[in-house]
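*Asks:* Data file input_4.cif (mmCIF, C-alpha atoms) is appended below.
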```cif
data_start
#
loop_
_atom_site.label_atom_id
_atom_site.label_comp_id
_atom_site.auth_asym_id
_atom_site.auth_seq_id
_atom_site.Cartn_x
_atom_site.Cartn_y
_atom_site.Cartn_z
CA MET A 178 -11.46 76.90 -91.10
CA SER A 179 -9.34 79.84 -89.93
CA LEU A 180 -10.72 83.38 -90.02
CA HIS A 181 -8.48 86.17 -91.29
CA LEU A 182 -9.41 89.73 -90.35
CA HIS A 183 -7.23 92.49 -91.73
CA LEU A 184 -8.87 95.88 -92.02
CA ARG A 185 -8.57 99.56 -91.34
CA HIS A 186 -11.51 101.88 -91.03
CA ARG A 187 -12.12 105.33 -89.60
CA ILE A 188 -15.43 106.65 -88.28
CA GLY A 189 -14.99 110.23 -87.07
CA GLU A 190 -12.36 110.15 -84.32
CA PHE A 191 -12.52 106.37 -83.98
CA ALA A 192 -10.06 104.26 -85.97
CA LEU A 193 -10.24 100.49 -86.26
CA ASP A 194 -6.93 98.80 -87.15
CA VAL A 195 -6.96 95.00 -86.92
CA ASP A 196 -4.79 92.28 -88.46
CA VAL A 197 -5.35 88.84 -86.92
CA THR A 198 -5.96 85.25 -87.95
CA ALA A 199 -8.18 83.20 -85.65
CA PRO A 200 -8.01 79.38 -85.62
CA PRO A 201 -11.08 77.21 -86.29
CA GLY A 202 -13.79 77.14 -83.63
CA LEU A 203 -15.55 79.86 -81.67
CA THR A 204 -13.66 83.15 -81.61
CA VAL A 205 -14.77 85.76 -79.09
CA LEU A 206 -14.31 89.45 -79.81
CA PHE A 207 -13.87 90.75 -76.29
CA GLY A 208 -13.60 94.25 -74.91
CA PRO A 209 -15.44 97.19 -73.35
CA SER A 210 -18.08 99.24 -75.12
CA GLY A 211 -16.56 101.39 -77.84
CA SER A 212 -13.61 99.09 -78.46
CA GLY A 213 -14.64 98.24 -82.02
CA LYS A 214 -16.27 94.82 -81.61
CA THR A 215 -19.55 95.59 -83.40
CA THR A 216 -17.77 97.64 -86.07
CA LEU A 217 -15.61 94.63 -86.84
CA VAL A 218 -18.60 92.25 -86.94
CA ASN A 219 -20.52 94.64 -89.21
CA ALA A 220 -17.56 94.65 -91.58
CA VAL A 221 -17.59 90.83 -91.68
CA ALA A 222 -21.35 90.88 -92.29
CA GLY A 223 -20.99 93.35 -95.15
CA LEU A 224 -23.02 96.01 -93.34
CA LEU A 225 -19.97 98.26 -93.35
CA ARG A 226 -17.38 98.62 -96.09
CA PRO A 227 -13.92 99.17 -94.55
CA ASP A 228 -11.57 101.74 -95.99
CA GLU A 229 -9.12 98.96 -96.75
CA GLY A 230 -8.37 95.37 -95.83
CA ARG A 231 -9.11 91.72 -96.41
CA ILE A 232 -11.63 89.38 -94.73
CA ALA A 233 -11.49 85.67 -95.46
CA ALA A 234 -12.64 82.40 -93.94
CA GLY A 235 -10.16 79.83 -95.19
CA ASP A 236 -9.94 80.32 -98.96
CA TRP A 237 -13.37 81.98 -99.07
CA VAL A 238 -12.78 85.74 -99.52
CA LEU A 239 -15.55 88.09 -98.40
CA MET A 240 -13.68 91.27 -99.23
CA ASP A 241 -10.25 92.34 -100.44
CA SER A 242 -9.67 96.00 -101.16
CA ALA A 243 -6.44 95.23 -103.03
CA THR A 244 -8.21 93.05 -105.62
CA ARG A 245 -11.55 94.90 -105.37
CA ILE A 246 -13.44 91.87 -104.15
CA TRP A 247 -16.62 92.77 -102.30
CA LEU A 248 -19.38 90.27 -101.61
CA PRO A 249 -22.69 91.96 -100.78
CA PRO A 250 -24.33 90.82 -97.52
CA HIS A 251 -26.88 88.51 -99.19
CA ARG A 252 -24.09 86.53 -100.88
CA ARG A 253 -21.94 86.02 -97.80
CA ARG A 254 -23.90 83.04 -96.45
CA LEU A 255 -23.79 84.20 -92.85
CA GLY A 256 -25.92 83.15 -89.94
CA TYR A 257 -26.51 86.17 -87.68
CA VAL A 258 -27.73 85.91 -84.07
CA PHE A 259 -28.63 89.31 -82.58
CA GLN A 260 -29.14 90.46 -78.99
CA GLU A 261 -32.85 89.88 -79.41
CA GLY A 262 -34.24 86.88 -81.27
CA ARG A 263 -35.80 89.04 -84.04
CA LEU A 264 -38.25 86.28 -84.89
CA PHE A 265 -41.26 86.86 -87.12
CA PRO A 266 -44.16 87.30 -84.66
CA HIS A 267 -46.83 86.04 -87.09
CA LEU A 268 -45.01 82.75 -87.76
CA SER A 269 -44.76 79.68 -85.55
CA VAL A 270 -41.42 78.43 -84.28
CA ARG A 271 -41.42 75.76 -86.99
CA GLN A 272 -42.11 78.38 -89.67
CA ASN A 273 -39.37 80.66 -88.32
CA LEU A 274 -36.92 77.76 -88.53
CA LEU A 275 -37.96 76.87 -92.06
CA TYR A 276 -37.54 80.52 -93.07
CA GLY A 277 -33.83 80.05 -92.36
CA ARG A 278 -33.82 76.91 -94.54
CA TRP A 279 -35.29 78.97 -97.41
CA PHE A 280 -31.98 80.88 -97.70
CA ALA A 281 -29.79 77.77 -97.84
CA PRO A 282 -28.38 76.97 -101.31
CA ARG A 283 -29.78 73.74 -102.69
CA THR A 284 -26.31 72.24 -102.96
CA ALA A 285 -25.25 73.26 -99.43
CA ARG A 286 -24.73 70.60 -96.80
CA GLY A 287 -26.26 72.11 -93.72
CA GLU A 288 -27.72 70.77 -90.52
CA SER A 289 -30.99 68.84 -90.79
CA LEU A 290 -34.14 70.24 -89.21
CA SER A 291 -34.44 67.26 -86.86
CA ARG A 292 -30.84 67.61 -85.66
CA VAL A 293 -31.22 71.34 -85.02
CA ILE A 294 -34.44 70.74 -83.08
CA GLU A 295 -32.71 68.07 -80.97
CA MET A 296 -29.52 70.07 -80.44
CA LEU A 297 -31.40 73.14 -79.22
CA GLY A 298 -34.14 71.31 -77.30
CA ILE A 299 -36.94 73.17 -79.06
CA GLY A 300 -39.19 70.25 -80.02
CA PRO A 301 -41.98 71.25 -77.58
CA LEU A 302 -41.95 74.81 -78.93
CA LEU A 303 -42.58 74.14 -82.64
CA ASP A 304 -46.25 75.13 -82.71
CA ARG A 305 -45.90 78.23 -80.52
CA ARG A 306 -45.65 81.83 -81.71
CA PRO A 307 -42.70 83.99 -80.53
CA GLY A 308 -44.99 85.96 -78.20
CA ALA A 309 -45.44 82.82 -76.10
CA LEU A 310 -41.69 82.20 -75.70
CA SER A 311 -39.27 83.28 -72.99
CA GLY A 312 -36.18 85.29 -73.91
CA GLY A 313 -34.00 82.19 -73.72
CA GLU A 314 -36.38 80.18 -75.90
CA LYS A 315 -36.43 82.94 -78.52
CA GLN A 316 -32.64 82.92 -78.67
CA ARG A 317 -32.56 79.15 -79.14
CA VAL A 318 -34.98 79.46 -82.05
CA ALA A 319 -32.87 82.30 -83.51
CA ILE A 320 -29.78 80.08 -83.32
CA GLY A 321 -31.69 77.29 -85.06
CA ARG A 322 -32.86 79.62 -87.83
CA ALA A 323 -29.27 80.75 -88.40
CA LEU A 324 -28.02 77.15 -88.55
CA LEU A 325 -30.67 76.06 -91.03
CA ALA A 326 -29.51 78.71 -93.50
CA ALA A 327 -26.43 76.47 -94.00
CA PRO A 328 -24.06 79.34 -93.19
CA ARG A 329 -20.33 79.26 -93.84
CA LEU A 330 -19.83 81.56 -90.85
CA ILE A 331 -22.00 82.37 -87.81
CA LEU A 332 -21.96 85.85 -86.24
CA ALA A 333 -23.34 86.34 -82.73
CA ASP A 334 -23.42 89.96 -81.54
CA GLU A 335 -23.75 89.86 -77.73
CA PRO A 336 -26.58 87.31 -77.94
CA LEU A 337 -26.94 87.05 -74.14
CA ALA A 338 -26.82 90.78 -73.32
CA ALA A 339 -30.60 91.15 -73.09
CA LEU A 340 -31.10 88.09 -70.86
CA ASP A 341 -31.10 87.77 -67.07
CA GLU A 342 -28.72 85.41 -65.26
CA ALA A 343 -31.15 82.48 -65.30
CA ARG A 344 -31.74 82.76 -69.06
CA LYS A 345 -28.00 83.13 -69.71
CA ALA A 346 -27.42 79.90 -67.79
CA GLU A 347 -30.08 78.29 -69.99
CA ILE A 348 -28.54 79.41 -73.29
CA LEU A 349 -24.79 78.93 -72.66
CA PRO A 350 -24.88 75.11 -72.92
CA TYR A 351 -26.39 75.40 -76.39
CA PHE A 352 -23.58 77.64 -77.57
CA GLU A 353 -21.16 75.08 -76.10
CA ARG A 354 -22.81 72.37 -78.20
CA LEU A 355 -22.65 74.65 -81.23
CA ARG A 356 -18.91 75.13 -80.65
CA ASP A 357 -18.23 71.42 -80.20
CA GLU A 358 -20.62 69.81 -82.71
CA VAL A 359 -21.07 72.17 -85.67
CA ALA A 360 -18.25 72.54 -88.18
CA VAL A 361 -18.89 76.23 -88.83
CA PRO A 362 -16.63 79.06 -87.59
CA ILE A 363 -18.34 81.31 -85.04
CA LEU A 364 -17.46 84.96 -84.38
CA TYR A 365 -19.01 85.86 -81.02
CA VAL A 366 -19.08 89.38 -79.55
CA SER A 367 -19.02 89.76 -75.76
CA HIS A 368 -17.82 91.93 -72.92
CA SER A 369 -18.36 89.15 -70.34
CA SER A 370 -15.27 87.29 -69.13
CA ALA A 371 -17.52 84.44 -67.95
CA GLU A 372 -18.75 83.93 -71.53
CA VAL A 373 -15.15 84.08 -72.78
CA ALA A 374 -14.03 81.43 -70.28
CA ARG A 375 -16.91 79.09 -71.08
CA LEU A 376 -17.22 79.42 -74.84
CA ALA A 377 -14.09 80.61 -76.58
CA THR A 378 -11.70 78.51 -78.58
CA SER A 379 -9.71 81.70 -79.09
CA VAL A 380 -10.10 85.30 -77.92
CA ILE A 381 -9.35 88.61 -79.63
CA ALA A 382 -9.28 91.38 -77.03
CA LEU A 383 -9.93 94.85 -78.44
CA ARG A 384 -9.48 98.28 -76.97
CA ASN A 385 -9.83 101.60 -78.78
CA GLY A 386 -9.92 99.85 -82.15
CA ARG A 387 -6.70 97.88 -81.59
CA VAL A 388 -5.94 94.27 -80.68
CA VAL A 389 -4.39 94.28 -77.18
CA ALA A 390 -4.24 90.50 -76.74
CA MET A 391 -5.04 87.31 -78.61
CA GLY A 392 -4.87 83.69 -77.56
CA THR A 393 -6.72 81.04 -75.60
CA PRO A 394 -9.17 82.05 -72.84
CA ALA A 395 -6.56 81.19 -70.20
CA GLN A 396 -3.95 83.39 -71.88
CA VAL A 397 -6.15 86.44 -72.46
CA LEU A 398 -8.12 86.39 -69.18
CA GLY A 399 -4.84 86.03 -67.30
CA ASP A 400 -3.27 89.03 -69.06
CA SER A 401 -3.45 92.08 -66.80
CA ALA A 402 -2.62 94.38 -69.73
CA ALA A 403 -5.77 93.20 -71.52
CA MET A 404 -8.04 92.73 -68.50
CA GLY A 405 -6.85 95.30 -65.98
CA ALA A 406 -5.68 94.11 -62.57
CA ARG A 407 -9.20 93.78 -61.18
CA GLY A 408 -10.47 91.79 -64.15
CA VAL A 409 -7.83 89.06 -64.27
CA ALA A 410 -9.12 85.51 -63.99
CA SER A 411 -7.86 81.98 -64.57
CA VAL A 412 -9.38 79.18 -66.61
CA LEU A 413 -8.73 75.70 -65.21
CA ARG A 414 -9.63 72.36 -66.73
CA ALA A 415 -11.40 69.89 -64.51
CA ARG A 416 -13.34 66.65 -64.71
CA VAL A 417 -16.33 65.59 -62.63
CA VAL A 418 -15.37 62.65 -60.40
CA ALA A 419 -18.47 62.07 -58.27
CA HIS A 420 -21.51 63.65 -56.64
CA HIS A 421 -21.77 63.20 -52.87
CA PRO A 422 -24.81 62.95 -50.55
CA ASP A 423 -23.87 66.17 -48.74
CA GLY A 424 -24.66 68.18 -51.88
CA LEU A 425 -21.10 68.66 -53.15
CA SER A 426 -19.56 67.57 -56.45
CA GLU A 427 -15.97 66.33 -56.51
CA LEU A 428 -13.76 67.48 -59.41
CA ASP A 429 -10.28 66.47 -60.48
CA THR A 430 -7.73 69.10 -61.64
CA VAL A 431 -4.02 69.05 -62.47
CA ALA A 432 -3.26 70.16 -58.90
CA GLY A 433 -5.74 68.02 -56.95
CA ARG A 434 -9.40 67.81 -56.04
CA LEU A 435 -11.94 70.64 -55.95
CA TRP A 436 -15.31 70.58 -54.22
CA LEU A 437 -18.20 72.64 -55.57
CA PRO A 438 -21.94 72.85 -54.87
CA ARG A 439 -23.63 70.00 -56.74
CA LEU A 440 -23.28 70.27 -60.52
CA PRO A 441 -25.73 68.89 -63.10
CA GLN A 442 -23.02 67.25 -65.23
CA PRO A 443 -22.50 63.47 -64.78
CA PRO A 444 -19.19 61.93 -63.62
CA GLY A 445 -16.57 61.93 -66.35
CA THR A 446 -17.67 65.27 -67.84
CA PRO A 447 -14.79 67.66 -68.71
CA LEU A 448 -15.31 71.22 -67.48
CA ARG A 449 -13.84 74.70 -67.70
CA LEU A 450 -13.72 76.71 -64.50
CA ARG A 451 -13.33 80.48 -64.40
CA ILE A 452 -11.72 81.62 -61.13
CA GLY A 453 -11.35 85.34 -60.48
CA ALA A 454 -7.94 86.37 -59.16
CA SER A 455 -9.58 88.24 -56.28
CA GLU A 456 -11.28 84.98 -55.16
CA VAL A 457 -7.96 83.26 -54.43
CA ILE A 458 -6.17 83.37 -51.06
CA LEU A 459 -2.53 82.32 -50.75
CA SER A 460 -0.63 80.53 -47.99
CA ARG A 461 3.05 79.54 -47.91
CA ALA A 462 2.31 76.41 -45.85
CA ARG A 463 -0.66 74.12 -46.31
CA PRO A 464 -3.28 75.61 -43.97
CA THR A 465 -5.29 73.59 -41.46
CA GLY A 466 -8.46 74.33 -39.53
CA LEU A 467 -10.11 76.28 -42.35
CA SER A 468 -13.68 76.00 -43.57
CA ALA A 469 -12.43 76.23 -47.17
CA LEU A 470 -12.25 72.79 -48.80
CA ASN A 471 -10.28 73.71 -51.90
CA ILE A 472 -6.53 73.97 -51.31
CA LEU A 473 -4.32 73.54 -54.37
CA PRO A 474 -0.50 73.38 -54.16
CA GLY A 475 1.52 75.28 -56.73
CA GLN A 476 4.73 77.15 -57.40
CA VAL A 477 5.09 80.93 -57.72
CA LEU A 478 5.92 81.88 -61.30
CA ASP A 479 5.97 85.66 -61.01
CA LEU A 480 4.66 88.70 -59.16
CA HIS A 481 3.37 91.75 -60.98
CA ASP A 482 2.80 95.06 -59.19
CA GLY A 483 -0.35 97.00 -60.04
CA GLU A 484 -0.85 100.76 -59.93
CA GLY A 485 -2.43 100.61 -56.45
CA PRO A 486 -1.59 98.50 -53.40
CA GLY A 487 -2.24 95.20 -55.19
CA VAL A 488 0.08 92.52 -56.52
CA LEU A 489 -0.87 89.87 -59.07
CA VAL A 490 0.74 86.54 -58.18
CA THR A 491 0.78 83.79 -60.81
CA LEU A 492 1.12 80.18 -59.69
CA SER A 493 1.96 77.13 -61.76
CA LEU A 494 -0.28 74.16 -60.94
CA GLY A 495 0.60 70.60 -61.92
CA ASP A 496 3.63 69.32 -63.77
CA GLY A 497 5.15 69.39 -67.24
CA SER A 498 2.96 69.85 -70.29
CA PHE A 499 -0.20 69.53 -68.17
CA ALA A 500 0.66 72.49 -65.93
CA GLU A 501 -1.82 75.36 -65.75
CA ARG A 502 -1.69 78.86 -64.34
CA LEU A 503 -3.72 80.30 -61.48
CA ALA A 504 -3.69 84.02 -60.68
CA ALA A 505 -4.24 85.52 -57.24
CA ARG A 506 -4.67 89.21 -56.48
CA ILE A 507 -3.37 90.13 -53.02
CA THR A 508 -2.00 93.29 -51.40
CA ARG A 509 1.65 94.23 -51.73
CA ARG A 510 1.83 94.24 -47.92
CA SER A 511 0.70 90.59 -47.83
CA ALA A 512 3.19 89.59 -50.51
CA GLU A 513 6.05 91.24 -48.60
CA ALA A 514 4.97 89.76 -45.26
CA MET A 515 4.88 86.28 -46.83
CA GLY A 516 8.21 86.82 -48.57
CA LEU A 517 6.79 85.62 -51.87
CA ALA A 518 9.28 85.09 -54.68
CA PRO A 519 9.41 83.08 -57.92
CA GLY A 520 10.15 79.40 -57.38
CA GLN A 521 8.56 79.15 -53.95
CA THR A 522 5.91 76.59 -53.08
CA CYS A 523 2.57 78.16 -52.30
CA HIS A 524 -0.99 76.99 -51.66
CA ALA A 525 -4.06 78.52 -53.29
CA ILE A 526 -7.28 78.54 -51.27
CA ILE A 527 -10.54 78.83 -53.20
CA LYS A 528 -13.97 78.99 -51.60
CA SER A 529 -16.47 76.50 -52.98
CA VAL A 530 -19.04 79.27 -53.34
CA ALA A 531 -16.61 81.56 -55.21
CA LEU A 532 -17.56 79.96 -58.53
CA ALA A 533 -20.97 81.02 -59.82
CA PRO A 534 -22.94 78.73 -62.17
CA LEU A 535 -22.03 80.96 -65.13
CA ASP A 536 -18.35 80.33 -64.35
CA ILE A 537 -18.63 76.57 -64.94
CA GLY A 538 -18.99 75.23 -68.45
CA ALA A 539 -18.39 72.25 -70.69
CA GLY A 540 -14.73 71.64 -71.35
CA VAL A 541 -12.83 71.03 -74.56
CA PRO A 542 -9.70 68.89 -75.01
CA ASP A 543 -7.17 71.72 -75.12
CA LEU A 544 -7.32 75.24 -73.74
CA GLY A 545 -3.59 75.97 -74.17
#
```
What is this file in structure tokens?
*Replies:*
Amino acid sequence: MSLHLHLRHRIGEFALDVDVTAPPGLTVLFGPSGSGKTTLVNAVAGLLRPDEGRIAAGDWVLMDSATRIWLPPHRRRLGYVFQEGRLFPHLSVRQNLLYGRWFAPRTARGESLSRVIEMLGIGPLLDRRPGALSGGEKQRVAIGRALLAAPRLILADEPLAALDEARKAEILPYFERLRDEVAVPILYVSHSSAEVARLATSVIALRNGRVVAMGTPAQVLGDSAAMGARGVASVLRARVVAHHPDGLSELDTVAGRLWLPRLPQPPGTPLRLRIGASEVILSRARPTGLSALNILPGQVLDLHDGEGPGVLVTLSLGDGSFAERLAARITRRSAEAMGLAPGQTCHAIIKSVALAPLDIGAGVPDLG
């Protein structure tokens, strides 16, 4: 079910002007604070009435100023996951989950309680009260409560912002399962490029109330106009090949093998890898005698000068329709000394430790 967002709204000096259609799946609203992400989500939720516009999920219209359609929040059948779990402290986990079920229409085909419990791994928590849960456990219960309301659309407003790195790593796999296994569109607000790389089916990048880029994670995170030169990253597809006794996992990519500190995923698992452009070193010839294990051959596609001394070099990895792009941020002096130009063969060197656990997530068949 595609999500159409066309609206204009002014709050003081801030003006939101958006007209996009997102494909089915998990759409991330991405951008810095003050870019309009929460304003847009509040409009979808019915907590804010835009000056004009139209919001629709497929043929289900939530608002249309031209035809004076306006569904109040309680009739929009939304599941909302906030930064904090916002669970009822006097109810058990089971009772909090069933509270979500209470809002589901009798005729709605939603997820079963047993499936939600299994999907989110909350079986051992059912008899606990929220005060006895960790931050990550509370968020899992909040996701379950939203699912059991049989929503037609799920909104998640920076649901990991209040969690530390360990709890984020705990929750991200559950959002991946939600993306891959639940047939409900998800609008997810974030300012984290790692979350974008791991979770998004599509990305809408906002800045100052305007859409500055839209596309797949690879397209948007690789766009220096949307990310800024220092924020550019690549998203590569990979597949786990094997785990070795020395503590490394072997991965297959379109350009060759990568070696990373041991991963929990079993062989055969598809992955997404976020690689920051500043973590990539380039060499014209294949280097030898290095401690770095990951050396991927590619071809220079283009060079883009930044405002400072940096140059963003984009490589094409692999062949034909399976080719992917890898960005490297180097100095202009290095680019000139190497004589880099489009069409040349080049080798990308990536340290095994350059990828943090949050940069590695479950893959999907097509990232574009």
*Asks:* Extract, using only C-alpha atoms, all DNA, RNA and protein residues at most 12 Å from Arg354 of chain A, discarding same-chain residues fewer than 2 positions from it, and format them as a PDB file with C-alpha atoms, in the coordinates of the input.
*Replies:*
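Once everything was written out, this is selection27.pdb:
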```pdb
ATOM      1  CA  GLY A 202     -13.790  77.140 -83.630  1.00  0.00           C
ATOM      2  CA  LEU A 203     -15.550  79.860 -81.670  1.00  0.00           C
ATOM      3  CA  ARG A 292     -30.840  67.610 -85.660  1.00  0.00           C
ATOM      4  CA  VAL A 293     -31.220  71.340 -85.020  1.00  0.00           C
ATOM      5  CA  GLU A 295     -32.710  68.070 -80.970  1.00  0.00           C
ATOM      6  CA  MET A 296     -29.520  70.070 -80.440  1.00  0.00           C
ATOM      7  CA  LEU A 297     -31.400  73.140 -79.220  1.00  0.00           C
ATOM      8  CA  GLY A 298     -34.140  71.310 -77.300  1.00  0.00           C
ATOM      9  CA  ARG A 317     -32.560  79.150 -79.140  1.00  0.00           C
ATOM     10  CA  ILE A 320     -29.780  80.080 -83.320  1.00  0.00           C
ATOM     11  CA  ILE A 348     -28.540  79.410 -73.290  1.00  0.00           C
ATOM     12  CA  LEU A 349     -24.790  78.930 -72.660  1.00  0.00           C
ATOM     13  CA  PRO A 350     -24.880  75.110 -72.920  1.00  0.00           C
ATOM     14  CA  TYR A 351     -26.390  75.400 -76.390  1.00  0.00           C
ATOM     15  CA  PHE A 352     -23.580  77.640 -77.570  1.00  0.00           C
ATOM     16  CA  ARG A 356     -18.910  75.130 -80.650  1.00  0.00           C
ATOM     17  CA  ASP A 357     -18.230  71.420 -80.200  1.00  0.00           C
ATOM     18  CA  GLU A 358     -20.620  69.810 -82.710  1.00  0.00           C
ATOM     19  CA  VAL A 359     -21.070  72.170 -85.670  1.00  0.00           C
ATOM     20  CA  ALA A 360     -18.250  72.540 -88.180  1.00  0.00           C
ATOM     21  CA  VAL A 361     -18.890  76.230 -88.830  1.00  0.00           C
ATOM     22  CA  ARG A 375     -16.910  79.090 -71.080  1.00  0.00           C
ATOM     23  CA  LEU A 376     -17.220  79.420 -74.840  1.00  0.00           C
ATOM     24  CA  GLY A 538     -18.990  75.230 -68.450  1.00  0.00           C
ATOM     25  CA  ALA A 539     -18.390  72.250 -70.690  1.00  0.00           C
ATOM     26  CA  GLY A 540     -14.730  71.640 -71.350  1.00  0.00           C
ATOM     27  CA  VAL A 541     -12.830  71.030 -74.560  1.00  0.00           C
TER      28      VAL A 541
END
```
*Asks:* Ile188 of chain A: which residues within 12 Å, counting all atoms listed in the file, same-chain residues fewer than 4 positions away excluded, as a PyMOL selection string?
*Replies:* chain A and resi 192-194+211+213+216+225-228+386
*Asks:* I need the residue set behind the PyMOL selection byres ((chain A and resi 525) around 9) for this file; please write it as an MDAnalysis selection string.
*Replies:* chainID A and resid 457:461 463 471:475 492 503 505 523:524 526:527
*Asks:* Tell me, in Å to one decimal, how far atom CA of Thr491 of chain A is from atom CA of Pro200 of chain A.
*Replies:*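 These two atoms are separated by 26.7 Å.
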*Asks:* Ranking A:Ser511, A:Ser379, A:Ser210, A:Gln316 by minimum distance to Val197 of chain A and counting only C-alpha atoms, which one comes first?
*Replies:*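 For Val197 of chain A, the nearest of the given residues is A:Ser379.
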*Asks:* Pick out the closest residue to Ala338 of chain A from this set: A:Gln521, A:Gln260, A:Ser529, A:Ser269. Count all atoms listed in the file.
*Replies:*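 Nearest candidate to Ala338 of chain A out of A:Gln521, A:Gln260, A:Ser529, A:Ser269: A:Gln260.
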*Asks:* Residues near Val318 of chain A, anyone? I mean within 8 Å using all atoms listed in the file, not counting same-chain ones fewer than 3 positions away, as a ChimeraX atom specification.
*Replies:* /A:262,270,273-274,297,299,314-315,321-322
*Asks:* Expand the PyMOL selection byres ((chain A and resi 272) around 12) into the explicit residue set it covers here, and present it as a list in words.
*Replies:*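 Output of the PyMOL selection byres ((chain A and resi 272) around 12): Leu264, Phe265, Pro266, His267, Leu268, Ser269, Val270, Arg271, Asn273, Leu274, Leu275, Tyr276, Gly277, Arg278, Trp279, Leu290, Leu302, Leu303, Asp304, Arg305, Arg306, Pro307, Val318, Ala319, Gly321, Arg322 and Leu325 of chain A.
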*Asks:* Just to be explicit: take each residue in the selection above, keep C-alpha atoms, and write the result as a tab-separated table (two decimals), keeping the file's coordinate frame.
*Replies:*
```tsv
chain	number	residue	atom	x	y	z
A	264	LEU	CA	-38.25	86.28	-84.89
A	265	PHE	CA	-41.26	86.86	-87.12
A	266	PRO	CA	-44.16	87.30	-84.66
A	267	HIS	CA	-46.83	86.04	-87.09
A	268	LEU	CA	-45.01	82.75	-87.76
A	269	SER	CA	-44.76	79.68	-85.55
A	270	VAL	CA	-41.42	78.43	-84.28
A	271	ARG	CA	-41.42	75.76	-86.99
A	273	ASN	CA	-39.37	80.66	-88.32
A	274	LEU	CA	-36.92	77.76	-88.53
A	275	LEU	CA	-37.96	76.87	-92.06
A	276	TYR	CA	-37.54	80.52	-93.07
A	277	GLY	CA	-33.83	80.05	-92.36
A	278	ARG	CA	-33.82	76.91	-94.54
A	279	TRP	CA	-35.29	78.97	-97.41
A	290	LEU	CA	-34.14	70.24	-89.21
A	302	LEU	CA	-41.95	74.81	-78.93
A	303	LEU	CA	-42.58	74.14	-82.64
A	304	ASP	CA	-46.25	75.13	-82.71
A	305	ARG	CA	-45.90	78.23	-80.52
A	306	ARG	CA	-45.65	81.83	-81.71
A	307	PRO	CA	-42.70	83.99	-80.53
A	318	VAL	CA	-34.98	79.46	-82.05
A	319	ALA	CA	-32.87	82.30	-83.51
A	321	GLY	CA	-31.69	77.29	-85.06
A	322	ARG	CA	-32.86	79.62	-87.83
A	325	LEU	CA	-30.67	76.06	-91.03
```
*Asks:* Which residues are near segment 392-406 of chain A? Cut-off 10 Å, all atoms listed in the file, ignore same chain within fewer than 5 positions. Put them as a PyMOL selection string.
*Replies:* chain A and resi 199-200+204-205+207-209+370-384+411-414+451+453-455+481-485+487-489+491+501-504+506+543-545
*Asks:* With N, CA and C atoms as the goal, would you fill in the gaps in segment 401-413 of chain A and present it as a compact mmCIF listing (two decimals), in the frame of the given file?
*Replies:*
```txt
# COMPACT_ATOMS: atom_id res chain seq x y z
N SER A 401 -3.02 90.86 -67.49
CA SER A 401 -3.45 92.08 -66.80
C SER A 401 -3.46 93.29 -67.73
N ALA A 402 -2.62 93.28 -68.78
CA ALA A 402 -2.62 94.38 -69.73
C ALA A 402 -3.93 94.43 -70.50
N ALA A 403 -4.51 93.26 -70.78
CA ALA A 403 -5.77 93.20 -71.52
C ALA A 403 -6.98 93.35 -70.61
N MET A 404 -6.88 92.81 -69.38
CA MET A 404 -8.04 92.73 -68.50
C MET A 404 -8.08 93.82 -67.44
N GLY A 405 -6.93 94.43 -67.15
CA GLY A 405 -6.85 95.30 -65.98
C GLY A 405 -6.67 94.43 -64.75
N ALA A 406 -6.00 94.93 -63.73
CA ALA A 406 -5.68 94.11 -62.57
C ALA A 406 -6.91 93.51 -61.92
N ARG A 407 -8.00 94.27 -61.86
CA ARG A 407 -9.20 93.78 -61.18
C ARG A 407 -9.98 92.77 -62.01
N GLY A 408 -9.71 92.70 -63.30
CA GLY A 408 -10.47 91.79 -64.15
C GLY A 408 -9.79 90.47 -64.44
N VAL A 409 -8.57 90.28 -63.96
CA VAL A 409 -7.83 89.06 -64.27
C VAL A 409 -8.51 87.84 -63.67
N ALA A 410 -8.55 86.77 -64.44
CA ALA A 410 -9.12 85.51 -63.99
C ALA A 410 -8.32 84.37 -64.59
N SER A 411 -8.51 83.18 -64.05
CA SER A 411 -7.86 81.98 -64.57
C SER A 411 -8.92 81.05 -65.12
N VAL A 412 -8.51 80.21 -66.06
CA VAL A 412 -9.38 79.18 -66.61
C VAL A 412 -8.70 77.84 -66.37
N LEU A 413 -9.30 77.01 -65.53
CA LEU A 413 -8.73 75.70 -65.21
C LEU A 413 -9.58 74.60 -65.83
```
